[in-house]
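J.: Have a peek at coords.cif (mmCIF, C-alpha atoms and all ligand atoms; chains and numbers go by the auth columns).
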data_protein
loop_
_atom_site.group_PDB
_atom_site.id
_atom_site.type_symbol
_atom_site.label_atom_id
_atom_site.label_comp_id
_atom_site.label_asym_id
_atom_site.label_seq_id
_atom_site.Cartn_x
_atom_site.Cartn_y
_atom_site.Cartn_z
_atom_site.B_iso_or_equiv
_atom_site.auth_seq_id
_atom_site.auth_asym_id
ATOM 1 C CA MET A 1 40.829 -3.404 11.230 0.00 1 A
ATOM 2 C CA LEU A 2 41.351 -5.425 14.407 0.00 2 A
ATOM 3 C CA SER A 3 38.394 -7.391 15.746 0.00 3 A
ATOM 4 C CA HIS A 4 39.171 -6.607 19.395 0.00 4 A
ATOM 5 C CA HIS A 5 40.001 -3.706 21.687 0.00 5 A
ATOM 6 C CA GLN A 6 43.305 -4.895 23.122 0.00 6 A
ATOM 7 C CA THR A 7 45.930 -2.176 22.759 0.00 7 A
ATOM 8 C CA ARG A 8 49.061 -3.678 24.364 0.00 8 A
ATOM 9 C CA PRO A 9 50.561 -5.853 21.635 0.00 9 A
ATOM 10 C CA PHE A 10 52.016 -9.268 22.420 0.00 10 A
ATOM 11 C CA LYS A 11 55.599 -9.827 21.241 0.00 11 A
ATOM 12 C CA PRO A 12 55.930 -13.472 20.194 0.00 12 A
ATOM 13 C CA GLU A 13 59.397 -12.900 18.705 0.00 13 A
ATOM 14 C CA LYS A 14 60.722 -12.327 22.252 0.00 14 A
ATOM 15 C CA LEU A 15 59.902 -15.857 23.434 0.00 15 A
ATOM 16 C CA LYS A 16 62.336 -18.681 22.733 0.00 16 A
ATOM 17 C CA PRO A 17 61.004 -22.200 22.135 0.00 17 A
ATOM 18 C CA PRO A 18 60.463 -24.263 25.310 0.00 18 A
ATOM 19 C CA ARG A 19 63.422 -26.414 26.421 0.00 19 A
ATOM 20 C CA ASP A 20 63.766 -29.613 24.322 0.00 20 A
ATOM 21 C CA PHE A 21 61.088 -28.323 21.958 0.00 21 A
ATOM 22 C CA ASN A 22 60.097 -30.570 19.069 0.00 22 A
ATOM 23 C CA ALA A 23 57.451 -29.510 16.596 0.00 23 A
ATOM 24 C CA PRO A 24 54.374 -31.683 17.177 0.00 24 A
ATOM 25 C CA LEU A 25 53.421 -34.393 14.739 0.00 25 A
ATOM 26 C CA LEU A 26 49.995 -33.239 13.534 0.00 26 A
ATOM 27 C CA LEU A 27 47.580 -35.881 12.284 0.00 27 A
ATOM 28 C CA SER A 28 46.170 -34.480 9.066 0.00 28 A
ATOM 29 C CA ASP A 29 43.001 -36.607 9.196 0.00 29 A
ATOM 30 C CA LYS A 30 41.973 -35.279 12.620 0.00 30 A
ATOM 31 C CA ARG A 31 40.715 -32.021 14.075 0.00 31 A
ATOM 32 C CA LEU A 32 43.300 -30.360 16.309 0.00 32 A
ATOM 33 C CA ILE A 33 42.293 -29.560 19.894 0.00 33 A
ATOM 34 C CA ILE A 34 44.597 -28.151 22.569 0.00 34 A
ATOM 35 C CA GLU A 35 44.292 -28.185 26.350 0.00 35 A
ATOM 36 C CA ILE A 36 46.290 -25.705 28.405 0.00 36 A
ATOM 37 C CA GLY A 37 47.127 -26.676 32.010 0.00 37 A
ATOM 38 C CA ALA A 38 46.038 -30.300 31.709 0.00 38 A
ATOM 39 C CA GLY A 39 47.138 -31.255 35.249 0.00 39 A
ATOM 40 C CA LYS A 40 47.252 -35.042 35.641 0.00 40 A
ATOM 41 C CA GLY A 41 45.340 -35.453 32.403 0.00 41 A
ATOM 42 C CA LYS A 42 41.922 -36.677 33.568 0.00 42 A
ATOM 43 C CA HIS A 43 40.041 -34.559 31.024 0.00 43 A
ATOM 44 C CA ALA A 44 42.610 -35.223 28.306 0.00 44 A
ATOM 45 C CA LEU A 45 42.278 -39.006 28.616 0.00 45 A
ATOM 46 C CA GLN A 46 38.475 -38.854 28.703 0.00 46 A
ATOM 47 C CA TYR A 47 38.351 -36.472 25.765 0.00 47 A
ATOM 48 C CA ALA A 48 40.754 -38.411 23.546 0.00 48 A
ATOM 49 C CA THR A 49 38.897 -41.657 24.269 0.00 49 A
ATOM 50 C CA ALA A 50 35.490 -40.135 23.499 0.00 50 A
ATOM 51 C CA ASN A 51 36.638 -38.227 20.385 0.00 51 A
ATOM 52 C CA PRO A 52 38.765 -40.541 18.221 0.00 52 A
ATOM 53 C CA SER A 53 38.482 -38.220 15.234 0.00 53 A
ATOM 54 C CA ASP A 54 40.174 -35.395 17.168 0.00 54 A
ATOM 55 C CA GLN A 55 43.855 -35.078 18.030 0.00 55 A
ATOM 56 C CA LEU A 56 44.302 -33.601 21.508 0.00 56 A
ATOM 57 C CA ILE A 57 47.558 -31.938 22.478 0.00 57 A
ATOM 58 C CA ALA A 58 47.374 -31.490 26.245 0.00 58 A
ATOM 59 C CA ILE A 59 50.013 -29.199 27.732 0.00 59 A
ATOM 60 C CA GLU A 60 51.120 -29.181 31.359 0.00 60 A
ATOM 61 C CA ARG A 61 53.999 -27.163 32.798 0.00 61 A
ATOM 62 C CA THR A 62 54.453 -28.741 36.255 0.00 62 A
ATOM 63 C CA ARG A 63 56.797 -31.723 36.113 0.00 63 A
ATOM 64 C CA ASP A 64 55.186 -34.017 38.719 0.00 64 A
ATOM 65 C CA LYS A 65 51.674 -33.512 37.336 0.00 65 A
ATOM 66 C CA PHE A 66 52.939 -34.077 33.823 0.00 66 A
ATOM 67 C CA ASP A 67 54.744 -37.281 34.864 0.00 67 A
ATOM 68 C CA ALA A 68 51.510 -38.659 36.380 0.00 68 A
ATOM 69 C CA PHE A 69 49.620 -37.679 33.203 0.00 69 A
ATOM 70 C CA GLN A 70 52.190 -39.228 30.917 0.00 70 A
ATOM 71 C CA LYS A 71 52.134 -42.508 32.847 0.00 71 A
ATOM 72 C CA LEU A 72 48.351 -42.767 32.448 0.00 72 A
ATOM 73 C CA ALA A 73 48.541 -41.763 28.788 0.00 73 A
ATOM 74 C CA THR A 74 51.204 -44.382 28.071 0.00 74 A
ATOM 75 C CA SER A 75 49.071 -47.173 29.494 0.00 75 A
ATOM 76 C CA ALA A 76 45.948 -45.887 27.706 0.00 76 A
ATOM 77 C CA GLU A 77 47.722 -46.172 24.303 0.00 77 A
ATOM 78 C CA LEU A 78 45.636 -43.484 22.622 0.00 78 A
ATOM 79 C CA ASP A 79 47.173 -42.536 19.300 0.00 79 A
ATOM 80 C CA ASN A 80 45.202 -39.241 19.219 0.00 80 A
ATOM 81 C CA LEU A 81 46.495 -37.917 22.561 0.00 81 A
ATOM 82 C CA MET A 82 49.794 -36.079 22.851 0.00 82 A
ATOM 83 C CA PRO A 83 50.777 -35.188 26.434 0.00 83 A
ATOM 84 C CA THR A 84 53.195 -32.270 26.243 0.00 84 A
ATOM 85 C CA HIS A 85 55.451 -30.996 29.016 0.00 85 A
ATOM 86 C CA ALA A 86 55.913 -27.277 28.405 0.00 86 A
ATOM 87 C CA ASP A 87 54.916 -23.768 29.260 0.00 87 A
ATOM 88 C CA ALA A 88 51.934 -23.371 26.945 0.00 88 A
ATOM 89 C CA ILE A 89 52.833 -19.807 25.930 0.00 89 A
ATOM 90 C CA PRO A 90 56.142 -20.426 24.122 0.00 90 A
ATOM 91 C CA TRP A 91 54.862 -23.820 23.019 0.00 91 A
ATOM 92 C CA VAL A 92 51.818 -22.327 21.245 0.00 92 A
ATOM 93 C CA ILE A 93 54.032 -19.671 19.636 0.00 93 A
ATOM 94 C CA HIS A 94 56.517 -22.157 18.238 0.00 94 A
ATOM 95 C CA ALA A 95 54.275 -25.153 17.514 0.00 95 A
ATOM 96 C CA LEU A 96 51.115 -23.856 15.906 0.00 96 A
ATOM 97 C CA ALA A 97 50.291 -22.200 12.608 0.00 97 A
ATOM 98 C CA PRO A 98 47.674 -19.464 12.297 0.00 98 A
ATOM 99 C CA ALA A 99 44.069 -20.714 12.058 0.00 99 A
ATOM 100 C CA SER A 100 45.096 -24.337 12.654 0.00 100 A
ATOM 101 C CA VAL A 101 43.285 -25.193 15.904 0.00 101 A
ATOM 102 C CA ASP A 102 39.707 -26.479 16.112 0.00 102 A
ATOM 103 C CA GLY A 103 39.181 -25.906 19.826 0.00 103 A
ATOM 104 C CA ALA A 104 40.904 -25.159 23.134 0.00 104 A
ATOM 105 C CA TYR A 105 40.266 -26.072 26.770 0.00 105 A
ATOM 106 C CA ILE A 106 41.507 -24.159 29.798 0.00 106 A
ATOM 107 C CA LEU A 107 39.974 -25.947 32.777 0.00 107 A
ATOM 108 C CA TYR A 108 40.373 -24.527 36.284 0.00 108 A
ATOM 109 C CA PRO A 109 43.393 -22.316 35.575 0.00 109 A
ATOM 110 C CA ASN A 110 45.443 -21.014 38.483 0.00 110 A
ATOM 111 C CA PRO A 111 43.310 -18.124 39.836 0.00 111 A
ATOM 112 C CA GLU A 112 46.236 -15.663 40.168 0.00 112 A
ATOM 113 C CA PRO A 113 44.299 -13.411 42.622 0.00 113 A
ATOM 114 C CA HIS A 114 47.409 -11.330 43.403 0.00 114 A
ATOM 115 C CA ASN A 115 48.588 -11.164 39.837 0.00 115 A
ATOM 116 C CA PRO A 116 45.523 -10.647 37.629 0.00 116 A
ATOM 117 C CA ASN A 117 47.801 -9.823 34.682 0.00 117 A
ATOM 118 C CA GLN A 118 48.534 -13.542 34.626 0.00 118 A
ATOM 119 C CA GLN A 119 44.880 -14.527 34.144 0.00 119 A
ATOM 120 C CA TRP A 120 44.552 -15.922 30.637 0.00 120 A
ATOM 121 C CA LEU A 121 42.083 -13.373 29.238 0.00 121 A
ATOM 122 C CA ASN A 122 44.040 -10.473 30.725 0.00 122 A
ATOM 123 C CA MET A 123 47.213 -11.450 28.903 0.00 123 A
ATOM 124 C CA PRO A 124 48.212 -9.955 25.544 0.00 124 A
ATOM 125 C CA PHE A 125 49.058 -13.597 24.661 0.00 125 A
ATOM 126 C CA PHE A 126 45.310 -14.241 24.404 0.00 126 A
ATOM 127 C CA GLU A 127 45.296 -12.398 21.079 0.00 127 A
ATOM 128 C CA PHE A 128 47.997 -14.751 19.812 0.00 128 A
ATOM 129 C CA LEU A 129 45.968 -17.750 21.005 0.00 129 A
ATOM 130 C CA LEU A 130 42.942 -16.431 19.115 0.00 130 A
ATOM 131 C CA SER A 131 45.063 -16.120 15.963 0.00 131 A
ATOM 132 C CA ARG A 132 45.827 -19.866 16.112 0.00 132 A
ATOM 133 C CA LEU A 133 42.108 -20.812 16.184 0.00 133 A
ATOM 134 C CA LYS A 134 40.067 -21.520 13.097 0.00 134 A
ATOM 135 C CA PRO A 135 37.025 -19.288 12.592 0.00 135 A
ATOM 136 C CA GLY A 136 34.004 -20.831 14.297 0.00 136 A
ATOM 137 C CA SER A 137 36.088 -22.752 16.832 0.00 137 A
ATOM 138 C CA GLN A 138 35.672 -22.381 20.577 0.00 138 A
ATOM 139 C CA ILE A 139 37.673 -21.860 23.741 0.00 139 A
ATOM 140 C CA VAL A 140 36.165 -23.473 26.838 0.00 140 A
ATOM 141 C CA LEU A 141 37.268 -22.018 30.171 0.00 141 A
ATOM 142 C CA ALA A 142 36.050 -23.308 33.546 0.00 142 A
ATOM 143 C CA SER A 143 36.564 -21.992 37.069 0.00 143 A
ATOM 144 C CA ASN A 144 35.046 -22.296 40.541 0.00 144 A
ATOM 145 C CA ILE A 145 35.931 -18.677 41.323 0.00 145 A
ATOM 146 C CA ASP A 146 33.077 -16.265 40.622 0.00 146 A
ATOM 147 C CA SER A 147 35.323 -13.209 40.356 0.00 147 A
ATOM 148 C CA TYR A 148 37.637 -14.976 37.883 0.00 148 A
ATOM 149 C CA ILE A 149 34.684 -15.877 35.672 0.00 149 A
ATOM 150 C CA ASP A 150 33.142 -12.380 36.026 0.00 150 A
ATOM 151 C CA THR A 151 36.377 -10.743 34.876 0.00 151 A
ATOM 152 C CA ALA A 152 37.008 -13.303 32.148 0.00 152 A
ATOM 153 C CA TYR A 153 33.444 -12.901 30.841 0.00 153 A
ATOM 154 C CA GLU A 154 33.790 -9.137 30.739 0.00 154 A
ATOM 155 C CA ARG A 155 37.126 -9.368 28.939 0.00 155 A
ATOM 156 C CA ALA A 156 35.785 -11.966 26.488 0.00 156 A
ATOM 157 C CA VAL A 157 32.909 -9.697 25.510 0.00 157 A
ATOM 158 C CA GLN A 158 34.313 -6.168 25.941 0.00 158 A
ATOM 159 C CA THR A 159 37.975 -6.578 25.023 0.00 159 A
ATOM 160 C CA TRP A 160 38.086 -9.642 22.799 0.00 160 A
ATOM 161 C CA CYS A 161 34.630 -9.094 21.252 0.00 161 A
ATOM 162 C CA LEU A 162 33.822 -12.812 21.311 0.00 162 A
ATOM 163 C CA PRO A 163 30.317 -14.276 21.399 0.00 163 A
ATOM 164 C CA THR A 164 30.440 -15.917 24.841 0.00 164 A
ATOM 165 C CA GLU A 165 28.125 -18.210 26.773 0.00 165 A
ATOM 166 C CA ARG A 166 28.332 -18.419 30.538 0.00 166 A
ATOM 167 C CA THR A 167 26.859 -21.617 31.997 0.00 167 A
ATOM 168 C CA PRO A 168 27.045 -23.504 35.301 0.00 168 A
ATOM 169 C CA VAL A 169 28.946 -26.796 35.150 0.00 169 A
ATOM 170 C CA PRO A 170 26.540 -29.698 35.858 0.00 170 A
ATOM 171 C CA ILE A 171 26.987 -30.961 39.430 0.00 171 A
ATOM 172 C CA ASP A 172 27.730 -34.493 38.240 0.00 172 A
ATOM 173 C CA SER A 173 30.475 -33.395 35.836 0.00 173 A
ATOM 174 C CA GLN A 174 33.841 -35.080 36.478 0.00 174 A
ATOM 175 C CA ARG A 175 36.154 -33.738 33.817 0.00 175 A
ATOM 176 C CA THR A 176 39.146 -32.862 35.982 0.00 176 A
ATOM 177 C CA HIS A 177 40.526 -33.524 39.455 0.00 177 A
ATOM 178 C CA PHE A 178 39.885 -29.918 40.454 0.00 178 A
ATOM 179 C CA GLU A 179 36.315 -30.024 39.097 0.00 179 A
ATOM 180 C CA VAL A 180 35.563 -33.188 41.085 0.00 180 A
ATOM 181 C CA LYS A 181 36.969 -31.598 44.255 0.00 181 A
ATOM 182 C CA TYR A 182 35.061 -28.311 43.925 0.00 182 A
ATOM 183 C CA LEU A 183 31.720 -29.895 43.027 0.00 183 A
ATOM 184 C CA ALA A 184 32.065 -32.413 45.894 0.00 184 A
ATOM 185 C CA ARG A 185 32.468 -29.418 48.246 0.00 185 A
ATOM 186 C CA GLY A 186 29.159 -28.050 46.932 0.00 186 A
ATOM 187 C CA GLU A 187 30.777 -25.134 45.080 0.00 187 A
ATOM 188 C CA THR A 188 29.322 -23.806 41.856 0.00 188 A
ATOM 189 C CA CYS A 189 31.660 -24.126 38.903 0.00 189 A
ATOM 190 C CA TRP A 190 31.211 -21.950 35.841 0.00 190 A
ATOM 191 C CA GLN A 191 32.102 -22.380 32.231 0.00 191 A
ATOM 192 C CA LEU A 192 32.645 -19.814 29.494 0.00 192 A
ATOM 193 C CA THR A 193 32.349 -20.978 25.905 0.00 193 A
ATOM 194 C CA MET A 194 33.864 -18.350 23.608 0.00 194 A
ATOM 195 C CA THR A 195 33.547 -18.542 19.832 0.00 195 A
ATOM 196 C CA LYS A 196 35.977 -16.997 17.351 0.00 196 A
ATOM 197 C CA PRO A 197 33.699 -15.462 14.732 0.00 197 A
ATOM 198 C CA ALA A 198 34.303 -15.719 10.988 0.00 198 A
ATOM 199 C CA GLY A 199 36.325 -12.743 9.733 0.00 199 A
ATOM 200 C CA TYR A 200 37.971 -12.123 13.139 0.00 200 A
ATOM 201 C CA ILE A 201 41.262 -10.223 12.699 0.00 201 A
ATOM 202 C CA THR A 202 44.289 -10.259 15.036 0.00 202 A
ATOM 203 C CA ARG A 203 47.793 -8.826 14.636 0.00 203 A
ATOM 204 C CA PHE A 204 49.211 -12.349 14.298 0.00 204 A
ATOM 205 C CA ASP A 205 47.142 -13.844 11.502 0.00 205 A
ATOM 206 C CA ASP A 206 50.250 -14.096 9.275 0.00 206 A
ATOM 207 C CA TRP A 207 52.758 -14.733 12.057 0.00 207 A
ATOM 208 C CA LEU A 208 54.613 -18.044 11.921 0.00 208 A
ATOM 209 C CA ALA A 209 57.650 -18.900 14.070 0.00 209 A
ATOM 210 C CA SER A 210 60.762 -19.264 11.952 0.00 210 A
ATOM 211 C CA GLU A 211 62.617 -22.433 12.984 0.00 211 A
HETATM 212 C C1 LIG B . 44.628 -25.447 39.121 0.00 1 B
HETATM 213 S S1 LIG B . 45.477 -26.556 38.070 0.00 1 B
HETATM 214 C C2 LIG B . 44.184 -27.357 37.154 0.00 1 B
HETATM 215 C C3 LIG B . 44.646 -28.634 36.486 0.00 1 B
HETATM 216 C C4 LIG B . 43.546 -29.371 35.706 0.00 1 B
HETATM 217 N N1 LIG B . 43.112 -28.587 34.559 0.00 1 B
HETATM 218 C C5 LIG B . 42.392 -29.681 36.608 0.00 1 B
HETATM 219 O O1 LIG B . 41.357 -28.993 36.484 0.00 1 B
HETATM 220 O O2 LIG B . 42.500 -30.602 37.420 0.00 1 B
HETATM 221 C C6 LIG B . 46.170 -25.455 36.837 0.00 1 B
HETATM 222 C C7 LIG B . 47.261 -26.148 36.025 0.00 1 B
HETATM 223 O O3 LIG B . 47.699 -25.303 34.981 0.00 1 B
HETATM 224 C C8 LIG B . 49.097 -25.495 34.824 0.00 1 B
HETATM 225 N N2 LIG B . 49.620 -24.309 34.146 0.00 1 B
HETATM 226 C C9 LIG B . 49.579 -23.028 34.574 0.00 1 B
HETATM 227 N N3 LIG B . 50.158 -22.206 33.689 0.00 1 B
HETATM 228 C C10 LIG B . 50.566 -22.985 32.663 0.00 1 B
HETATM 229 C C11 LIG B . 51.237 -22.727 31.435 0.00 1 B
HETATM 230 N N4 LIG B . 51.629 -21.485 31.112 0.00 1 B
HETATM 231 N N5 LIG B . 51.490 -23.760 30.614 0.00 1 B
HETATM 232 C C12 LIG B . 51.119 -25.017 30.943 0.00 1 B
HETATM 233 N N6 LIG B . 50.482 -25.329 32.086 0.00 1 B
HETATM 234 C C13 LIG B . 50.211 -24.327 32.936 0.00 1 B
HETATM 235 C C14 LIG B . 49.614 -25.658 36.242 0.00 1 B
HETATM 236 O O4 LIG B . 50.856 -26.334 36.262 0.00 1 B
HETATM 237 C C15 LIG B . 48.493 -26.485 36.872 0.00 1 B
HETATM 238 O O5 LIG B . 48.732 -27.875 36.748 0.00 1 B
#
As structure tokens - that is how I would like this structure written.
T.:
Amino acid sequence: MLSHHQTRPFKPEKLKPPRDFNAPLLLSDKRLIIEIGAGKGKHALQYATANPSDQLIAIERTRDKFDAFQKLATSAELDNLMPTHADAIPWVIHALAPASVDGAYILYPNPEPHNPNQQWLNMPFFEFLLSRLKPGSQIVLASNIDSYIDTAYERAVQTWCLPTERTPVPIDSQRTHFEVKYLARGETCWQLTMTKPAGYITRFDDWLASE
């Protein structure tokens, strides 16, 4: 029996690997963390520096942001940080095994006000993402947009049936460029911390891309 109430199934077999895709080199002695929409990599660099026993794969789709991120990452010489230029959706499908990820960050995603189907928790892909997480691991999502967080919270609890905490981001937090900008403007930023419970079942728990 599924652990969620999403009816529209995601079709991973329809998505080709991203252009120039190479399977990531996973460091077997480290926990695997992914960041989706890493921007210029401020959080990724901080996180990889502060957590040497984790491997962070930080994915960014926009070329100029990724180039800035990669430049910083190259000079930081962190062997546990892997900046990745790709659309995270096909990348996750083709790169990750079921129940292999120890945590995920989605910080200040594009709000998509005119296209709510593209908000991460509204996408059927979210079920696939959950299938890649280990039981007990967490997805952290932050946004400065109340309505985005309201909808995401409702989806997390009602549709995805995830234990979810909603907390304000501390006003001195400086994880990302967008976070710094919003907090400096006096806006409240919110964070959802969603936990994949033990025994959680998706339709992709045995699905592995065949390359
Ligand atoms: C509003 S920016 C936030 C960037 C960064 N997290 C920050 O807080 O400064 C959202 C980022 O997500 C990236 N993005 C959106 N959809 C993506 C996808 N499917 N795969 C990878 N990156 C994506 C965009 O290119 C953009 O850089």
J.: Give as a PDB file with C-alpha atoms, keeping the file's coordinate frame the residues surrounding ligand LIG 1 (chain B) up to a distance of 9 Å, considering only C-alpha atoms and all ligand atoms.
T.:
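As a result, result_12.pdb now contains:
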ATOM      1  CA  GLU A  35      44.292 -28.185  26.350  1.00  0.00           C
ATOM      2  CA  ILE A  36      46.290 -25.705  28.405  1.00  0.00           C
ATOM      3  CA  GLY A  37      47.127 -26.676  32.010  1.00  0.00           C
ATOM      4  CA  ALA A  38      46.038 -30.300  31.709  1.00  0.00           C
ATOM      5  CA  GLY A  39      47.138 -31.255  35.249  1.00  0.00           C
ATOM      6  CA  LYS A  40      47.252 -35.042  35.641  1.00  0.00           C
ATOM      7  CA  GLY A  41      45.340 -35.453  32.403  1.00  0.00           C
ATOM      8  CA  LYS A  42      41.922 -36.677  33.568  1.00  0.00           C
ATOM      9  CA  HIS A  43      40.041 -34.559  31.024  1.00  0.00           C
ATOM     10  CA  ALA A  58      47.374 -31.490  26.245  1.00  0.00           C
ATOM     11  CA  ILE A  59      50.013 -29.199  27.732  1.00  0.00           C
ATOM     12  CA  GLU A  60      51.120 -29.181  31.359  1.00  0.00           C
ATOM     13  CA  ARG A  61      53.999 -27.163  32.798  1.00  0.00           C
ATOM     14  CA  THR A  62      54.453 -28.741  36.255  1.00  0.00           C
ATOM     15  CA  ARG A  63      56.797 -31.723  36.113  1.00  0.00           C
ATOM     16  CA  LYS A  65      51.674 -33.512  37.336  1.00  0.00           C
ATOM     17  CA  PHE A  66      52.939 -34.077  33.823  1.00  0.00           C
ATOM     18  CA  THR A  84      53.195 -32.270  26.243  1.00  0.00           C
ATOM     19  CA  HIS A  85      55.451 -30.996  29.016  1.00  0.00           C
ATOM     20  CA  ALA A  86      55.913 -27.277  28.405  1.00  0.00           C
ATOM     21  CA  ASP A  87      54.916 -23.768  29.260  1.00  0.00           C
ATOM     22  CA  ALA A  88      51.934 -23.371  26.945  1.00  0.00           C
ATOM     23  CA  ILE A  89      52.833 -19.807  25.930  1.00  0.00           C
ATOM     24  CA  PRO A  90      56.142 -20.426  24.122  1.00  0.00           C
ATOM     25  CA  TRP A  91      54.862 -23.820  23.019  1.00  0.00           C
ATOM     26  CA  TYR A 105      40.266 -26.072  26.770  1.00  0.00           C
ATOM     27  CA  ILE A 106      41.507 -24.159  29.798  1.00  0.00           C
ATOM     28  CA  LEU A 107      39.974 -25.947  32.777  1.00  0.00           C
ATOM     29  CA  TYR A 108      40.373 -24.527  36.284  1.00  0.00           C
ATOM     30  CA  PRO A 109      43.393 -22.316  35.575  1.00  0.00           C
ATOM     31  CA  ASN A 110      45.443 -21.014  38.483  1.00  0.00           C
ATOM     32  CA  PRO A 111      43.310 -18.124  39.836  1.00  0.00           C
ATOM     33  CA  GLN A 118      48.534 -13.542  34.626  1.00  0.00           C
ATOM     34  CA  TRP A 120      44.552 -15.922  30.637  1.00  0.00           C
ATOM     35  CA  ALA A 142      36.050 -23.308  33.546  1.00  0.00           C
ATOM     36  CA  SER A 143      36.564 -21.992  37.069  1.00  0.00           C
ATOM     37  CA  ARG A 175      36.154 -33.738  33.817  1.00  0.00           C
ATOM     38  CA  THR A 176      39.146 -32.862  35.982  1.00  0.00           C
ATOM     39  CA  HIS A 177      40.526 -33.524  39.455  1.00  0.00           C
ATOM     40  CA  PHE A 178      39.885 -29.918  40.454  1.00  0.00           C
ATOM     41  CA  GLU A 179      36.315 -30.024  39.097  1.00  0.00           C
ATOM     42  CA  VAL A 180      35.563 -33.188  41.085  1.00  0.00           C
ATOM     43  CA  LYS A 181      36.969 -31.598  44.255  1.00  0.00           C
TER      44      LYS A 181
END
J.: Where does the PyMOL selection byres (((chain A and resi 184-197) around 9) and not hetatm) land in this file, that is, which residues does it pick, as a PDB file with C-alpha atoms, keeping the file's coordinate frame?
T.:
ATOM      1  CA  LEU A 107      39.974 -25.947  32.777  1.00  0.00           C
ATOM      2  CA  LEU A 130      42.942 -16.431  19.115  1.00  0.00           C
ATOM      3  CA  LEU A 133      42.108 -20.812  16.184  1.00  0.00           C
ATOM      4  CA  LYS A 134      40.067 -21.520  13.097  1.00  0.00           C
ATOM      5  CA  PRO A 135      37.025 -19.288  12.592  1.00  0.00           C
ATOM      6  CA  GLY A 136      34.004 -20.831  14.297  1.00  0.00           C
ATOM      7  CA  SER A 137      36.088 -22.752  16.832  1.00  0.00           C
ATOM      8  CA  GLN A 138      35.672 -22.381  20.577  1.00  0.00           C
ATOM      9  CA  ILE A 139      37.673 -21.860  23.741  1.00  0.00           C
ATOM     10  CA  VAL A 140      36.165 -23.473  26.838  1.00  0.00           C
ATOM     11  CA  LEU A 141      37.268 -22.018  30.171  1.00  0.00           C
ATOM     12  CA  ALA A 142      36.050 -23.308  33.546  1.00  0.00           C
ATOM     13  CA  SER A 143      36.564 -21.992  37.069  1.00  0.00           C
ATOM     14  CA  ASN A 144      35.046 -22.296  40.541  1.00  0.00           C
ATOM     15  CA  ILE A 145      35.931 -18.677  41.323  1.00  0.00           C
ATOM     16  CA  ASP A 146      33.077 -16.265  40.622  1.00  0.00           C
ATOM     17  CA  ILE A 149      34.684 -15.877  35.672  1.00  0.00           C
ATOM     18  CA  ALA A 152      37.008 -13.303  32.148  1.00  0.00           C
ATOM     19  CA  TYR A 153      33.444 -12.901  30.841  1.00  0.00           C
ATOM     20  CA  ALA A 156      35.785 -11.966  26.488  1.00  0.00           C
ATOM     21  CA  VAL A 157      32.909  -9.697  25.510  1.00  0.00           C
ATOM     22  CA  CYS A 161      34.630  -9.094  21.252  1.00  0.00           C
ATOM     23  CA  LEU A 162      33.822 -12.812  21.311  1.00  0.00           C
ATOM     24  CA  PRO A 163      30.317 -14.276  21.399  1.00  0.00           C
ATOM     25  CA  THR A 164      30.440 -15.917  24.841  1.00  0.00           C
ATOM     26  CA  GLU A 165      28.125 -18.210  26.773  1.00  0.00           C
ATOM     27  CA  ARG A 166      28.332 -18.419  30.538  1.00  0.00           C
ATOM     28  CA  THR A 167      26.859 -21.617  31.997  1.00  0.00           C
ATOM     29  CA  PRO A 168      27.045 -23.504  35.301  1.00  0.00           C
ATOM     30  CA  VAL A 169      28.946 -26.796  35.150  1.00  0.00           C
ATOM     31  CA  PRO A 170      26.540 -29.698  35.858  1.00  0.00           C
ATOM     32  CA  ILE A 171      26.987 -30.961  39.430  1.00  0.00           C
ATOM     33  CA  GLU A 179      36.315 -30.024  39.097  1.00  0.00           C
ATOM     34  CA  VAL A 180      35.563 -33.188  41.085  1.00  0.00           C
ATOM     35  CA  LYS A 181      36.969 -31.598  44.255  1.00  0.00           C
ATOM     36  CA  TYR A 182      35.061 -28.311  43.925  1.00  0.00           C
ATOM     37  CA  LEU A 183      31.720 -29.895  43.027  1.00  0.00           C
ATOM     38  CA  ALA A 198      34.303 -15.719  10.988  1.00  0.00           C
ATOM     39  CA  GLY A 199      36.325 -12.743   9.733  1.00  0.00           C
ATOM     40  CA  TYR A 200      37.971 -12.123  13.139  1.00  0.00           C
TER      41      TYR A 200
END
J.: Taking the file as I've supplied it (selection: the PyMOL selection byres (((chain A and resi 5) around 9) and not hetatm)), which residues are included? Please answer as JSON, numbers by chain.
T.: {"A": [2, 3, 4, 6, 7, 158, 159, 160, 161]}
J.: What lies within 10 Å of Asp54 (chain A) using all atoms listed in the file, ignoring chain neighbours under 3 positions off, as a ChimeraX atom specification?
T.: /A:27,29-33,47-51,57,80-81,102-103
J.: Kindly give the distance, in Å, that separates CA of Ser210 (chain A) and CA of Pro124 (chain A), rounded to a single decimal.
T.: 20.7 Å
J.: What's the 9 Å shell around Ser131 (chain A), counting only C-alpha atoms, without same-chain residues fewer than 5 positions away, as a PyMOL selection string?
T.: chain A and resi 97-100+126+200-207
J.: Take CA of Leu26 (chain A) and CA of Gln119 (chain A) and report the distance between them in Å, one decimal.
T.: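 Interatomic distance here is 28.3 Å.
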J.: Expressed in Å to a single decimal, how great is the separation between CA of Phe10 (chain A) and CA of His94 (chain A)?
T.: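 Separation of CA of Phe10 (chain A) and CA of His94 (chain A): 14.3 Å.
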